[in-house]
>>> print(open('coords_38.txt').read())   # compact mmCIF, C-alpha atoms
# COMPACT_ATOMS: atom_id res chain seq x y z
CA GLN R 30 175.41 319.55 -1.41
CA GLU R 31 173.52 321.78 -3.85
CA ILE R 32 173.31 325.48 -4.64
CA ARG R 33 170.36 326.67 -6.76
CA PRO R 34 170.67 330.31 -7.80
CA HIS R 35 167.64 331.59 -9.66
CA SER R 36 165.77 334.70 -10.68
CA PHE R 37 162.35 335.50 -12.12
CA TYR R 38 160.33 338.57 -12.99
CA ARG R 39 156.62 339.18 -13.31
CA ALA R 40 154.71 342.38 -13.98
CA TYR R 41 151.19 343.56 -14.74
CA TRP R 42 150.01 346.66 -16.58
CA ASN R 43 146.46 347.95 -16.79
CA LEU R 44 144.76 348.68 -20.11
CA ASP R 45 145.99 352.30 -19.97
CA GLY R 46 149.62 351.13 -19.87
CA PHE R 47 150.13 351.93 -16.17
CA GLN R 48 152.29 349.36 -14.38
CA GLU R 49 150.32 348.12 -11.38
CA THR R 50 152.77 345.48 -10.15
CA GLY R 51 156.38 344.50 -10.73
CA TYR R 52 158.28 341.79 -8.88
CA TRP R 53 161.89 340.74 -9.58
CA HIS R 54 163.11 337.89 -7.38
CA LEU R 55 166.85 337.14 -7.01
CA ASP R 56 167.63 334.18 -4.78
CA SER R 57 169.90 331.26 -4.06
CA HIS R 58 168.86 328.07 -2.27
CA TRP R 59 171.58 326.25 -0.36
CA GLU R 60 170.78 322.60 0.37
CA LEU R 61 172.90 320.68 2.88
CA LYS R 62 173.56 316.93 3.02
CA ASN R 63 171.19 316.49 5.98
CA GLY R 64 168.27 317.91 3.96
CA TYR R 65 168.29 321.31 5.65
CA GLU R 66 168.10 324.35 3.38
CA PHE R 67 168.62 328.07 3.66
CA HIS R 68 167.63 330.65 1.09
CA THR R 69 169.12 334.11 0.72
CA GLY R 70 167.28 336.48 -1.54
CA MET R 71 166.29 339.95 -2.56
CA ASN R 72 163.09 341.21 -4.20
CA VAL R 73 162.78 344.39 -6.24
CA THR R 74 159.12 345.47 -6.10
CA ARG R 75 156.93 348.08 -7.76
CA GLU R 76 153.36 348.77 -6.76
CA GLY R 77 151.34 351.21 -8.85
CA VAL R 78 148.27 352.51 -7.06
CA VAL R 79 145.71 354.09 -9.41
CA GLY R 80 143.33 355.18 -6.63
CA GLY R 81 144.24 355.52 -2.98
CA PHE R 82 142.88 352.91 -0.59
CA GLN R 83 142.48 352.30 3.12
CA ILE R 84 144.91 349.54 4.10
CA PHE R 85 143.98 349.62 7.79
CA PRO R 86 141.29 351.61 9.62
CA GLY R 87 142.39 355.23 9.46
CA ILE R 88 145.53 354.51 7.40
CA TRP R 89 145.41 355.38 3.69
CA VAL R 90 147.85 354.57 0.89
CA PRO R 91 147.77 357.45 -1.64
CA SER R 92 147.84 356.87 -5.39
CA GLY R 93 151.30 356.75 -6.94
CA THR R 94 154.14 354.37 -7.76
CA TYR R 95 156.07 352.70 -4.96
CA ASP R 96 159.48 351.17 -5.76
CA HIS R 97 161.19 349.16 -3.02
CA LEU R 98 163.81 346.56 -2.15
CA GLU R 99 163.10 343.65 0.18
CA GLY R 100 165.58 341.18 1.67
CA GLN R 101 164.60 337.65 2.63
CA PHE R 102 166.07 334.74 4.52
CA VAL R 103 164.59 331.24 4.85
CA LEU R 104 165.82 328.34 6.98
CA GLN R 105 164.08 324.98 6.76
CA THR R 106 164.68 321.55 8.20
CA ASN R 107 164.49 318.34 6.16
CA GLU R 108 160.98 318.20 4.63
CA ALA R 109 161.29 314.42 4.13
CA ALA R 110 161.40 313.93 7.92
CA PRO R 111 158.19 313.14 9.86
CA VAL R 112 158.38 316.61 11.49
CA SER R 113 159.84 319.65 9.75
CA SER R 114 159.71 323.42 10.14
CA ARG R 115 160.69 326.66 8.47
CA ILE R 116 161.55 330.20 9.43
CA GLU R 117 160.84 332.77 6.73
CA PHE R 118 161.92 336.37 7.32
CA ARG R 119 161.40 339.31 4.96
CA ALA R 120 162.13 342.99 5.54
CA GLY R 121 162.00 345.98 3.23
CA GLY R 122 160.00 348.76 1.69
CA TYR R 123 156.22 348.72 1.52
CA PHE R 124 153.98 351.48 0.08
CA GLY R 125 156.43 354.23 1.03
CA GLY R 126 157.21 352.72 4.45
CA ASN R 127 158.59 349.47 5.78
CA ARG R 128 157.38 345.95 6.46
CA VAL R 129 158.88 343.12 8.51
CA GLU R 130 157.28 339.70 7.90
CA LEU R 131 157.87 336.52 9.87
CA ASP R 132 156.32 333.18 8.83
CA LEU R 133 156.69 330.06 11.01
CA PRO R 134 155.18 326.84 9.62
CA LEU R 135 155.45 323.45 11.35
CA ARG R 136 154.74 320.30 9.27
CA ILE R 137 153.91 316.75 10.29
CA ARG R 138 153.69 313.83 7.87
CA THR R 139 153.19 310.10 8.17
CA GLY R 140 154.39 308.38 5.03
CA GLU R 141 152.67 309.35 1.83
CA THR R 142 149.10 309.45 3.18
CA PHE R 143 148.83 312.15 5.89
CA GLN R 144 150.27 315.64 6.07
CA ALA R 145 149.41 318.53 8.40
CA GLU R 146 150.77 322.04 8.79
CA LEU R 147 150.31 324.65 11.49
CA SER R 148 151.55 328.11 10.55
CA TRP R 149 151.65 331.66 11.91
CA THR R 150 152.52 334.77 9.87
CA ARG R 151 153.11 338.20 11.42
CA ASN R 152 153.48 341.47 9.49
CA ASP R 153 154.74 344.62 11.24
CA ILE R 154 153.96 347.51 8.90
CA ASP R 155 155.17 351.08 9.37
CA LEU R 156 153.82 353.53 6.77
CA PRO R 157 154.25 357.33 6.60
CA PHE R 158 150.65 357.79 7.79
CA GLY R 159 150.49 355.10 10.50
CA SER R 160 151.61 351.69 11.69
CA PHE R 161 149.84 348.40 12.34
CA VAL R 162 150.42 344.70 12.89
CA THR R 163 148.60 341.77 11.28
CA ASN R 164 148.63 338.08 12.18
CA LEU R 165 147.42 335.09 10.18
CA ALA R 166 147.14 331.62 11.70
CA ARG R 167 146.66 328.64 9.35
CA THR R 168 146.10 324.90 9.66
CA ARG R 169 146.26 322.63 6.62
CA VAL R 170 145.48 318.92 6.60
CA SER R 171 145.71 316.44 3.71
CA TYR R 172 144.91 312.75 3.66
CA SER R 173 145.32 310.49 0.61
CA PHE R 174 143.29 307.29 0.55
CA SER R 175 145.09 306.40 -2.70
CA PRO R 176 147.00 308.36 -5.37
CA ARG R 177 143.63 309.17 -6.99
CA LEU R 178 141.42 309.75 -3.93
CA PHE R 179 142.17 312.42 -1.30
CA VAL R 180 140.70 315.02 1.02
CA GLN R 181 142.27 318.37 1.96
CA GLY R 182 141.31 321.10 4.38
CA LEU R 183 142.42 324.62 5.27
CA LEU R 184 141.34 326.63 8.32
CA GLN R 185 142.71 330.10 8.92
CA TYR R 186 142.17 333.10 11.17
CA ASN R 187 143.01 336.70 10.19
CA ASP R 188 143.18 338.98 13.24
CA ARG R 189 143.19 342.14 11.09
CA ALA R 190 139.70 341.36 9.78
CA ASP R 191 138.71 339.15 12.76
CA VAL R 192 137.66 336.49 10.21
CA TRP R 193 137.79 332.70 10.27
CA SER R 194 137.76 331.00 6.87
CA THR R 195 137.94 327.45 5.62
CA ASN R 196 138.35 325.55 2.40
CA LEU R 197 137.58 321.85 2.08
CA ARG R 198 138.37 319.80 -1.00
CA PHE R 199 137.59 316.23 -1.98
CA GLY R 200 139.58 314.92 -4.93
CA TRP R 201 138.64 311.89 -6.98
CA LEU R 202 140.83 311.72 -10.07
CA GLN R 203 139.55 309.73 -13.02
CA GLN R 204 141.63 308.21 -15.78
>>> encode(input="coords_38.txt", output="structure tokens")
Amino acid sequence: QEIRPHSFYRAYWNLDGFQETGYWHLDSHWELKNGYEFHTGMNVTREGVVGGFQIFPGIWVPSGTYDHLEGQFVLQTNEAAPVSSRIEFRAGGYFGGNRVELDLPLRIRTGETFQAELSWTRNDIDLPFGSFVTNLARTRVSYSFSPRLFVQGLLQYNDRADVWSTNLRFGWLQQ
């Protein structure tokens, strides 16, 4: 029903003129009549590391510039339905090695007032100096009492850091 090709670029340089980040996104969204979508894309990335850092216990990323390509594929069901889901898959270069990322969100909504999402993201990272896996589990809930009064919450768990975190927000919009 609809094809939406698009591209964007963003980059950041430090005050010395060293490029710390570059991200060029090339993608096309394909929307079907039933509301399902799939996205096919490629990302060209640059990460400039001024000082080496420890990305995982015992695994260091040395200073330098890392240029990579990353492919991505997304499949999602109709987001207007009461229950919808997505599969997001990315694979490509990462700090001189490789990364495979899988993100699986599940959404539930009842009309315009309540929306909830349960999501799990897994990153398998293989670097020249070691490999590791990270997982992030998230739950988001939003309830709107009216268009101007709402409450939102986020609860997530990061197994890499063994940390639970939350964010609660109450919104009361004035005219």
>>> residues_near_point(input="coords_38.txt", point="(149.0, 352.6, -1.4)", cutoff="7 Å", atoms="only C-alpha atoms", output="JSON, numbers by chain")
{"R": [78, 81, 82, 89, 90, 91, 92, 124]}
>>> closest_residue(input="coords_38.txt", among="R:Arg136, R:His68, R:His58, R:Arg75", to="R:Ala40", atoms="all atoms listed in the file")
R:Arg75
>>> atom_distance(input="coords_38.txt", atom1="atom CA of R:Arg128", atom2="atom CA of R:Trp193")
24.0 Å
>>> atom_distance(input="coords_38.txt", atom1="atom CA of R:Gly70", atom2="atom CA of R:Asn43")
28.2 Å
>>> residues_around(input="coords_38.txt", residues="R:Met71", least_positions_apart="4", cutoff="10 Å", atoms="all atoms listed in the file", output="list of chain:residue names")
R:Ser36, R:Trp53, R:His54, R:Leu55, R:Asp56, R:Ser57, R:Leu98, R:Glu99, R:Gly100, R:Gln101, R:Phe102, R:Arg119, R:Ala120, R:Gly121
>>> atom_distance(input="coords_38.txt", atom1="atom CA of R:Thr163", atom2="atom CA of R:Asp96")
22.3 Å
>>> closest_residue(input="coords_38.txt", among="R:Ser173, R:Asn63, R:Ser160, R:Gln203", to="R:Pro86", atoms="all atoms listed in the file")
R:Ser160
>>> closest_residue(input="coords_38.txt", among="R:Ile137, R:Leu104, R:Ile116, R:Val192", to="R:Trp149", atoms="only C-alpha atoms")
R:Ile116
>>> closest_residue(input="coords_38.txt", among="R:Val79, R:Leu156, R:Val129, R:Leu135", to="R:Ser114", atoms="all atoms listed in the file")
R:Leu135
>>> residues_around(input="coords_38.txt", residues="R:Gly159", least_positions_apart="6", cutoff="9 Å", atoms="all atoms listed in the file", output="ChimeraX atom specification")
/R:85,87-89
>>> residues_around(input="coords_38.txt", residues="R:Leu183", least_positions_apart="3", cutoff="7 Å", atoms="only C-alpha atoms", output="number ranges by chain")
R: 168-170, 195-197
>>> residues_around(input="coords_38.txt", residues="R:Asn127", least_positions_apart="3", cutoff="6 Å", atoms="only C-alpha atoms", output="mmCIF file with C-alpha atoms, in the coordinates of the input")
data_model
loop_
_atom_site.group_PDB
_atom_site.id
_atom_site.type_symbol
_atom_site.label_atom_id
_atom_site.label_comp_id
_atom_site.auth_asym_id
_atom_site.auth_seq_id
_atom_site.Cartn_x
_atom_site.Cartn_y
_atom_site.Cartn_z
ATOM 1 C CA GLY R 121 162.000 345.980 3.230
ATOM 2 C CA GLY R 122 160.000 348.760 1.690
ATOM 3 C CA TYR R 123 156.220 348.720 1.520
ATOM 4 C CA ILE R 154 153.960 347.510 8.900
ATOM 5 C CA ASP R 155 155.170 351.080 9.370
#
>>> closest_residue(input="coords_38.txt", among="R:Glu130, R:Glu146, R:Gly200, R:Asp153", to="R:Gln185", atoms="only C-alpha atoms")
R:Glu146
